[in-house]
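Undergrad: Just dropping this structure here.
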Amino acid sequence: GENVEQHPSTLSVQEGDSAVIKCTYSDSASNYFPWYKQELGKRPQLIIDIRSNVGEKKDQRIAVTLNKTAKHFSLHITETQPEDSAVYFCAATGTASKLTFGTGTRLQVTL
Amino acid sequence: DAGVTQSPTHLIKTRGQQVTLRCSPKSGHDTVSWYQQALGQGPQFIFQYYEEEERQRGNFPDRFSGHQFPNYSSELNVNALLLGDSALYLCASSLGLVSSYEQYFGPGTRLTVT
């Protein structure tokens, strides 16, 4: 089955700096890669996703890149703000929308 | 436009008991997936329902079972509860079985087994 690895497990940046979270996946058949943000005690919220037919997608301060050959994808957050502090999960689908999640990255944005 | 809802919010059960959790999908969605999220970990896929049938199953024992109703809502049942079943149970809804469709999560049910 699919296996997703995520790094780093924790990330601390100063407000205004950029943050990068990286994930690798094992199943070459995976074709959909969402990113979720989960604040303490809240539900995971879909913040951006990318499909295997594109290499990069951007939405305001958030961007995701995908390298199918290397089987890795990354989340980039620019101009970080305190409200970006949360746990971020990457995920991949092997077949029929069964999501396999990474282990999460706790992002802390300090003033 | 109603999002994904789950009930109850919290639940405390004793080892060996049985529990039923409920999920109503986002308006317009017809597929419900259930996930277990242990503390400090990512969600783990339990199973998925579409057209009232279990379509996919993760690596969970038969103590975990489910059901989907004609209105697309779903239940997750866990029998013979173990301490290790304590977790946040999330349901996610999506449209159809195509893997590229977005999944939206409900607020979860926090289950504590004592």
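To be explicit about the labels: the chains of the structure tokens are called A, B, and onward in the order shown, and within each one the residues are counted from 1, while ligands get numbers from 1 in the order they are shown.
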Could you list, with a cut-off of 10 Å and counting only C-alpha atoms, the residues of chain B near chain A, each shown with its nearest atom pair and the distance in Å rounded to one decimal, rows sorted by chain and ascending number, as CSV?
TA:
residue,atom,partner,partner_atom,distance
B:Thr31,CA,A:Ser97,CA,9.7
B:Ser33,CA,A:Lys98,CA,7.9
B:Trp34,CA,A:Lys98,CA,9.8
B:Tyr35,CA,A:Leu99,CA,9.3
B:Gly40,CA,A:Gly104,CA,8.2
B:Gln41,CA,A:Thr103,CA,5.6
B:Gly42,CA,A:Thr103,CA,5.0
B:Pro43,CA,A:Phe101,CA,6.3
B:Gln44,CA,A:Thr100,CA,7.0
B:Phe45,CA,A:Leu99,CA,6.8
B:Ile46,CA,A:Lys98,CA,9.3
B:Phe47,CA,A:Lys98,CA,8.3
B:Gln48,CA,A:Lys98,CA,7.7
B:Arg55,CA,A:Ala96,CA,8.9
B:Gln56,CA,A:Lys98,CA,7.6
B:Arg57,CA,A:Lys98,CA,8.7
B:Gly58,CA,A:Lys98,CA,8.6
B:Leu88,CA,A:Gly41,CA,9.5
B:Leu90,CA,A:Arg43,CA,7.9
B:Cys91,CA,A:Arg43,CA,9.8
B:Ala92,CA,A:Pro44,CA,9.7
B:Ser94,CA,A:Ser97,CA,8.5
B:Leu95,CA,A:Ser97,CA,9.8
B:Gly96,CA,A:Ala96,CA,8.8
B:Leu97,CA,A:Ala96,CA,5.1
B:Val98,CA,A:Ala96,CA,5.3
B:Ser99,CA,A:Ser97,CA,3.9
B:Ser100,CA,A:Tyr32,CA,5.3
B:Tyr101,CA,A:Ser97,CA,7.2
B:Glu102,CA,A:Pro34,CA,7.9
B:Gln103,CA,A:Leu46,CA,7.8
B:Tyr104,CA,A:Leu46,CA,6.9
B:Phe105,CA,A:Pro44,CA,6.3
B:Gly106,CA,A:Arg43,CA,6.2
B:Pro107,CA,A:Arg43,CA,4.7
B:Gly108,CA,A:Arg43,CA,6.6
B:Arg110,CA,A:Gly41,CA,9.7
Undergrad: Quick one: residues within 10 Å of B:Ser86, only C-alpha atoms, excluding same-chain residues fewer than 6 positions away - as JSON, numbers by chain?
TA: {"B": [11, 12, 13, 36, 37, 38, 39, 110, 111, 112, 113, 114]}
Undergrad: Keeping only N, CA, C and O atoms, write the selected residues as a PDB file, in the first residue's frame.
TA:
ATOM      1  N   LEU B  11     -17.413  11.169  23.705  1.00  0.00           N
ATOM      2  CA  LEU B  11     -18.023   9.930  24.182  1.00  0.00           C
ATOM      3  C   LEU B  11     -17.033   9.220  25.083  1.00  0.00           C
ATOM      4  O   LEU B  11     -15.849   9.117  24.749  1.00  0.00           O
ATOM      5  N   ILE B  12     -17.517   8.740  26.210  1.00  0.00           N
ATOM      6  CA  ILE B  12     -16.678   7.947  27.110  1.00  0.00           C
ATOM      7  C   ILE B  12     -17.326   6.576  27.263  1.00  0.00           C
ATOM      8  O   ILE B  12     -18.504   6.474  27.601  1.00  0.00           O
ATOM      9  N   LYS B  13     -16.547   5.539  26.990  1.00  0.00           N
ATOM     10  CA  LYS B  13     -17.040   4.163  27.077  1.00  0.00           C
ATOM     11  C   LYS B  13     -16.064   3.323  27.887  1.00  0.00           C
ATOM     12  O   LYS B  13     -14.909   3.691  28.090  1.00  0.00           O
ATOM     13  N   GLN B  36      -9.441   7.240  11.710  1.00  0.00           N
ATOM     14  CA  GLN B  36      -9.110   7.267  13.129  1.00  0.00           C
ATOM     15  C   GLN B  36      -7.846   8.090  13.307  1.00  0.00           C
ATOM     16  O   GLN B  36      -6.846   7.851  12.616  1.00  0.00           O
ATOM     17  N   GLN B  37      -7.887   9.074  14.201  1.00  0.00           N
ATOM     18  CA  GLN B  37      -6.705   9.888  14.455  1.00  0.00           C
ATOM     19  C   GLN B  37      -6.309   9.774  15.923  1.00  0.00           C
ATOM     20  O   GLN B  37      -6.970  10.337  16.805  1.00  0.00           O
ATOM     21  N   ALA B  38      -5.248   9.021  16.166  1.00  0.00           N
ATOM     22  CA  ALA B  38      -4.707   8.936  17.520  1.00  0.00           C
ATOM     23  C   ALA B  38      -3.963  10.235  17.838  1.00  0.00           C
ATOM     24  O   ALA B  38      -3.553  10.973  16.937  1.00  0.00           O
ATOM     25  N   LEU B  39      -3.790  10.482  19.107  1.00  0.00           N
ATOM     26  CA  LEU B  39      -3.166  11.731  19.553  1.00  0.00           C
ATOM     27  C   LEU B  39      -1.767  11.885  18.966  1.00  0.00           C
ATOM     28  O   LEU B  39      -0.941  10.969  19.052  1.00  0.00           O
ATOM     29  N   ARG B 110     -14.635  12.596  19.661  1.00  0.00           N
ATOM     30  CA  ARG B 110     -13.533  12.188  20.546  1.00  0.00           C
ATOM     31  C   ARG B 110     -14.027  11.027  21.405  1.00  0.00           C
ATOM     32  O   ARG B 110     -14.918  11.202  22.248  1.00  0.00           O
ATOM     33  N   LEU B 111     -13.471   9.825  21.178  1.00  0.00           N
ATOM     34  CA  LEU B 111     -13.847   8.634  21.931  1.00  0.00           C
ATOM     35  C   LEU B 111     -12.779   8.322  22.961  1.00  0.00           C
ATOM     36  O   LEU B 111     -11.607   8.205  22.620  1.00  0.00           O
ATOM     37  N   THR B 112     -13.195   8.195  24.189  1.00  0.00           N
ATOM     38  CA  THR B 112     -12.301   7.789  25.268  1.00  0.00           C
ATOM     39  C   THR B 112     -12.784   6.466  25.823  1.00  0.00           C
ATOM     40  O   THR B 112     -13.956   6.333  26.202  1.00  0.00           O
ATOM     41  N   VAL B 113     -11.897   5.473  25.837  1.00  0.00           N
ATOM     42  CA  VAL B 113     -12.228   4.151  26.366  1.00  0.00           C
ATOM     43  C   VAL B 113     -11.468   3.973  27.675  1.00  0.00           C
ATOM     44  O   VAL B 113     -10.241   4.097  27.719  1.00  0.00           O
ATOM     45  N   THR B 114     -12.197   3.683  28.749  1.00  0.00           N
ATOM     46  CA  THR B 114     -11.560   3.542  30.067  1.00  0.00           C
ATOM     47  C   THR B 114     -11.638   2.101  30.559  1.00  0.00           C
ATOM     48  O   THR B 114     -12.435   1.300  30.030  1.00  0.00           O
TER      49      THR B 114
END
Undergrad: I'd like to know which of B:Pro25, B:Gly3, B:Pro61, B:Pro8 is closest to B:Leu81, using only C-alpha atoms.
TA: B:Pro61
Undergrad: Would you please work out which residue, of A:Asp27, A:Gln38, A:Thr10, A:Thr80, is nearest to A:Leu111 when using only C-alpha atoms?
TA: A:Thr80
Undergrad: Tell me, in Å to one decimal, how far atom CA of A:Ala86 is from atom CA of A:Ser26.
TA: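 Between these atoms lies a distance of 25.8 Å.
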Undergrad: Quick one: everything within 12 Å of B:Phe69, counting only C-alpha atoms, minus sequence neighbours fewer than 2 positions away in the same chain. Send it as a list in words.
TA: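 That gives Arg22, Cys23, Ser24, Pro25, Asp30, Thr31, Val32, Tyr49, Tyr50, Glu51, Glu52, Glu53, Glu54, Gly66, His67, Asn71, Tyr72, Ser73, Ser74, Glu75 and Leu76 of chain B.
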Undergrad: Nearest residue to A:Asp84 out of A:His72, A:Gln14, A:Asn53, A:Glu5, using only C-alpha atoms?
TA: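 Ranked by minimum distance to A:Asp84, first place goes to A:Gln14.
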Undergrad: Please list as a list in words every residue within 10 Å of A:Thr78, counting only C-alpha atoms and excluding residues in the same chain fewer than 5 positions away.
TA: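 The residues that qualify are Glu15, Gly16, Asp17, Ser18, Ala19, Val20, Gln60, Arg61, Ile62 and Ala63 of chain A.
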Undergrad: Those selected residues, please, written with all heavy atoms and delivered as a CSV table (one decimal), in the first residue's frame.
TA:
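Listed below is the output, out.csv:
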chain,number,residue,atom,x,y,z
A,15,GLU,N,7.8,35.4,12.1
A,15,GLU,CA,6.7,36.0,11.3
A,15,GLU,C,7.4,36.7,10.1
A,15,GLU,O,8.3,37.4,10.3
A,15,GLU,CB,5.9,37.0,12.2
A,15,GLU,CG,4.8,37.6,11.4
A,15,GLU,CD,4.0,38.6,12.3
A,15,GLU,OE1,4.5,38.9,13.5
A,15,GLU,OE2,3.0,39.1,11.9
A,16,GLY,N,6.8,36.4,9.0
A,16,GLY,CA,7.3,37.0,7.7
A,16,GLY,C,8.2,36.1,7.0
A,16,GLY,O,8.4,36.4,5.8
A,17,ASP,N,8.8,35.1,7.6
A,17,ASP,CA,9.7,34.2,6.9
A,17,ASP,C,8.8,33.2,6.2
A,17,ASP,O,7.6,33.1,6.3
A,17,ASP,CB,10.6,33.5,7.9
A,17,ASP,CG,11.7,34.4,8.5
A,17,ASP,OD1,11.8,35.5,7.9
A,17,ASP,OD2,12.3,34.0,9.5
A,18,SER,N,9.5,32.4,5.4
A,18,SER,CA,8.9,31.3,4.6
A,18,SER,C,9.0,30.0,5.4
A,18,SER,O,10.0,29.8,6.1
A,18,SER,CB,9.5,31.2,3.2
A,18,SER,OG,9.2,32.3,2.5
A,19,ALA,N,8.1,29.1,5.1
A,19,ALA,CA,8.1,27.7,5.7
A,19,ALA,C,7.9,26.7,4.6
A,19,ALA,O,7.1,26.9,3.7
A,19,ALA,CB,7.0,27.6,6.7
A,20,VAL,N,8.7,25.6,4.6
A,20,VAL,CA,8.6,24.6,3.6
A,20,VAL,C,8.5,23.2,4.3
A,20,VAL,O,9.2,22.9,5.2
A,20,VAL,CB,9.9,24.5,2.7
A,20,VAL,CG1,9.7,23.4,1.7
A,20,VAL,CG2,10.1,25.9,2.0
A,60,GLN,N,-2.5,32.4,-3.2
A,60,GLN,CA,-2.1,33.5,-2.4
A,60,GLN,C,-0.7,33.2,-1.8
A,60,GLN,O,0.3,33.1,-2.5
A,60,GLN,CB,-3.1,33.8,-1.3
A,60,GLN,CG,-4.4,34.2,-2.0
A,60,GLN,CD,-5.5,34.6,-1.0
A,60,GLN,OE1,-5.5,34.2,0.2
A,60,GLN,NE2,-6.4,35.5,-1.4
A,61,ARG,N,-0.6,33.0,-0.5
A,61,ARG,CA,0.7,32.8,0.2
A,61,ARG,C,1.1,31.3,0.2
A,61,ARG,O,2.2,31.0,0.7
A,61,ARG,CB,0.7,33.3,1.6
A,61,ARG,CG,0.4,34.8,1.7
A,61,ARG,CD,0.6,35.3,3.2
A,61,ARG,NE,-0.5,34.7,4.0
A,61,ARG,CZ,-0.2,33.8,5.0
A,61,ARG,NH1,1.0,33.3,5.1
A,61,ARG,NH2,-1.2,33.3,5.7
A,62,ILE,N,0.2,30.5,-0.3
A,62,ILE,CA,0.5,29.0,-0.2
A,62,ILE,C,0.8,28.5,-1.6
A,62,ILE,O,0.0,28.8,-2.6
A,62,ILE,CB,-0.7,28.3,0.4
A,62,ILE,CG1,-0.8,28.7,1.9
A,62,ILE,CG2,-0.5,26.8,0.4
A,62,ILE,CD1,-2.1,28.2,2.6
A,63,ALA,N,1.7,27.6,-1.7
A,63,ALA,CA,2.0,27.0,-3.0
A,63,ALA,C,2.4,25.5,-2.7
A,63,ALA,O,2.9,25.2,-1.7
A,63,ALA,CB,3.2,27.7,-3.7
Undergrad: Give me the residues within 6 Å of B:Val78 as a PDB file with C-alpha atoms, in the first residue's frame, counting only C-alpha atoms and dropping any in the same chain fewer than 6 places off.
TA:
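For reference, out_18.pdb as written:
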ATOM      1  CA  GLN B  18     -19.941  -1.040  21.807  1.00  0.00           C
ATOM      2  CA  VAL B  19     -20.211   2.424  20.271  1.00  0.00           C
ATOM      3  CA  ARG B  63     -14.734  -5.007  15.213  1.00  0.00           C
ATOM      4  CA  PHE B  64     -15.007  -1.870  13.103  1.00  0.00           C
TER       5      PHE B  64
END
